[in-house]
Amino acid sequence: MSSARRRLDRLWQRGCEFLGTDVAIMGGAMSWVSERHLVAAISNAGGFGVLACGSMTPALLAAEIEGTQDLTSKPFGVNLITMHPLLGDLIEVCGRFNVSHVVLAGGLPQGASIARIKELGAKVLCFAPTVSFAKKLVRMGANAIVIEGTEAGGHIGPVSTSVLAQEILPAVRDVPVFVAGGIGRGESILSYLEMGASGVQLGTRFVCSSECVAHDNFKQSFIKAAARDAVPSVQIDPSFPVIPVRALVNPASRRFIAFQHEVIGRFKAGEIDQKTAQLEIEHYWAGALRKAVIDGDVENGSLMAGQSVGMVSSIQPTAEIIAELVDQAVRALAARESVEAIL
């Protein structure tokens, strides 16, 4: 093993030990994408796969966990949405199948949820958008924190990954912190590790893995896209808020703007009330992600993607993607060692 690789292993040792993996690279939980095949592939390649529960019922989650365990003996996690009406039942499912790590996303979790997950023997990871939020989660019992910047795909916050990292990494030392959002190369991974991160999380890069079940049309959209094509959803009137979601521009996203104008126009004309108008806007994207990922309808579906999509250029085996990321980080360290030797 090269000295550069040994240095990399030391940098993410805390993250690897926490996850039980060879490399501290987590797979982002993407609905319809992060299912058993991709999750198992990431874990089998030395990383840490994370199942996206999303809106699954407890029975569906149980089947997906069991299916993943049939494909890998390596550790993997389950991402649960805190707003799920059956969150308590989903937590019990994770406990029944001895899931080692549970990721709570979508809002501030209740202390009781964190405590129950830990009682069942799992480690808890929580997303934190601010320093104060991160510290509160640690006090509540979170075993690790994930910070995700606005460059990420899907539902996003307003602050960039680089700023979040500068704010949170120096302030949160008691637990491992994993950085996500816009990461597509090993050099970027290295930079966050050197800032104090214990590891990273990538989603967009794994969409075009050969093990991912996403439709080829969906994958080809990623391969053809540039970073600037992944944009947040547009809100045309602050009185009718739209939860920001980063996705590739397509006919459906363009129609969404016209659709908002039409609905708001009906409200202003007195044809519908504000609540009805808001619900119509929110329901526009219902089922749109599945339509794109599973059915391959890339014109009418939602193409959720992070800005790192510009670094996705081909369909590759998951193991090859992880090896490439590690090699890029090692090469960057080796180049630095060469300069240090000359000096």
# chains A, B, ... in the order shown; residues from 1 in each chain; ligands from 1
$ select_by_dssp --residues "segment 50-176 of chain A" --states "strand (DSSP E)" --output "ChimeraX atom specification"
/A:50-52,76-81,101-105,123-127,144-148,154-155
$ residues_around --residues "Ser43 of chain A" --least-positions-apart "2" --cutoff "8 Å" --atoms "only C-alpha atoms" --output "list of chain:residue names"
A:Thr21, A:Val39, A:Ala40, A:Ala41, A:Ala45, A:Gly46, A:Gly47, A:Phe48, A:Gly49, A:Thr72, A:Lys74, A:Pro75, A:Phe76
$ residues_around --residues "Gly106 of chain A" --least-positions-apart "6" --cutoff "12 Å" --atoms "only C-alpha atoms" --output "list in words"
Ala29, Cys53, Gly54, Asn79, Leu80, Ile81, Thr82, Met83, His84, Leu87, Cys126, Phe127, Ala128, Pro129, Glu148, Gly154, His155, Ile156, Gly157 and Ile243 of chain A
$ write_last_selection --atoms "C-alpha atoms" --output "PDB file, in the first residue's frame"
ATOM      1  CA  ALA A  29     -30.803   7.681  -0.210  1.00  0.00           C
ATOM      2  CA  CYS A  53     -37.580   4.047   2.631  1.00  0.00           C
ATOM      3  CA  GLY A  54     -39.460   7.117   1.398  1.00  0.00           C
ATOM      4  CA  ASN A  79     -33.042   6.219   5.552  1.00  0.00           C
ATOM      5  CA  LEU A  80     -36.366   7.047   7.247  1.00  0.00           C
ATOM      6  CA  ILE A  81     -38.362  10.242   6.738  1.00  0.00           C
ATOM      7  CA  THR A  82     -39.269  11.811  10.093  1.00  0.00           C
ATOM      8  CA  MET A  83     -42.666  12.945   8.751  1.00  0.00           C
ATOM      9  CA  HIS A  84     -43.747   9.426   7.777  1.00  0.00           C
ATOM     10  CA  LEU A  87     -42.279   6.182  11.551  1.00  0.00           C
ATOM     11  CA  CYS A 126     -29.248  12.870  11.356  1.00  0.00           C
ATOM     12  CA  PHE A 127     -29.119  15.691   8.826  1.00  0.00           C
ATOM     13  CA  ALA A 128     -28.187  19.131  10.141  1.00  0.00           C
ATOM     14  CA  PRO A 129     -28.573  22.368   8.121  1.00  0.00           C
ATOM     15  CA  GLU A 148     -25.822  18.422   2.767  1.00  0.00           C
ATOM     16  CA  GLY A 154     -33.746  16.317  -4.683  1.00  0.00           C
ATOM     17  CA  HIS A 155     -34.967  18.396  -1.744  1.00  0.00           C
ATOM     18  CA  ILE A 156     -32.379  21.006  -0.869  1.00  0.00           C
ATOM     19  CA  GLY A 157     -31.583  23.788   1.569  1.00  0.00           C
ATOM     20  CA  ILE A 243     -40.390  23.285  -1.693  1.00  0.00           C
TER      21      ILE A 243
END
$ closest_atom_pairs --of "segment 75-106 of chain A" --to "segment 114-118 of chain A" --cutoff "10 Å" --atoms "only C-alpha atoms" --output "Markdown table"
| residue | atom | partner | partner_atom | distance |
| --- | --- | --- | --- | --- |
| A:Gly88 | CA | A:Arg116 | CA | 8.7 |
| A:Ile91 | CA | A:Ile117 | CA | 6.4 |
| A:Glu92 | CA | A:Ile117 | CA | 8.1 |
| A:Cys94 | CA | A:Ile117 | CA | 8.2 |
| A:Gly95 | CA | A:Ile117 | CA | 7.3 |
| A:Val99 | CA | A:Ile117 | CA | 9.7 |
| A:Ser100 | CA | A:Ile117 | CA | 9.7 |
| A:His101 | CA | A:Ile117 | CA | 8.8 |
| A:Val102 | CA | A:Ile117 | CA | 7.4 |
| A:Val103 | CA | A:Ile114 | CA | 9.9 |
| A:Leu104 | CA | A:Ile114 | CA | 8.6 |
$ atom_distance --atom1 "atom CA of Asp237 of chain A" --atom2 "atom CA of Lys291 of chain A"
26.9 Å
$ residues_around --residues "segment 321-330 of chain A" --least-positions-apart "5" --cutoff "10 Å" --atoms "only C-alpha atoms" --output "PyMOL selection string"
chain A and resi 2-9+23+25+42+45-47+184-191+205-206+208-209+315-316+335-336
$ residues_around --residues "Ser308 of chain A" --least-positions-apart "2" --cutoff "9 Å" --atoms "only C-alpha atoms" --output "list in words"
Glu151, Ala152, Gly153, Gly181, Gly182, Ile183, Gly184, Arg185, Thr204, Arg205, Ala226, Ala227, Ala230, Ala305, Gly306, Gly310, Met311 and Val312 of chain A
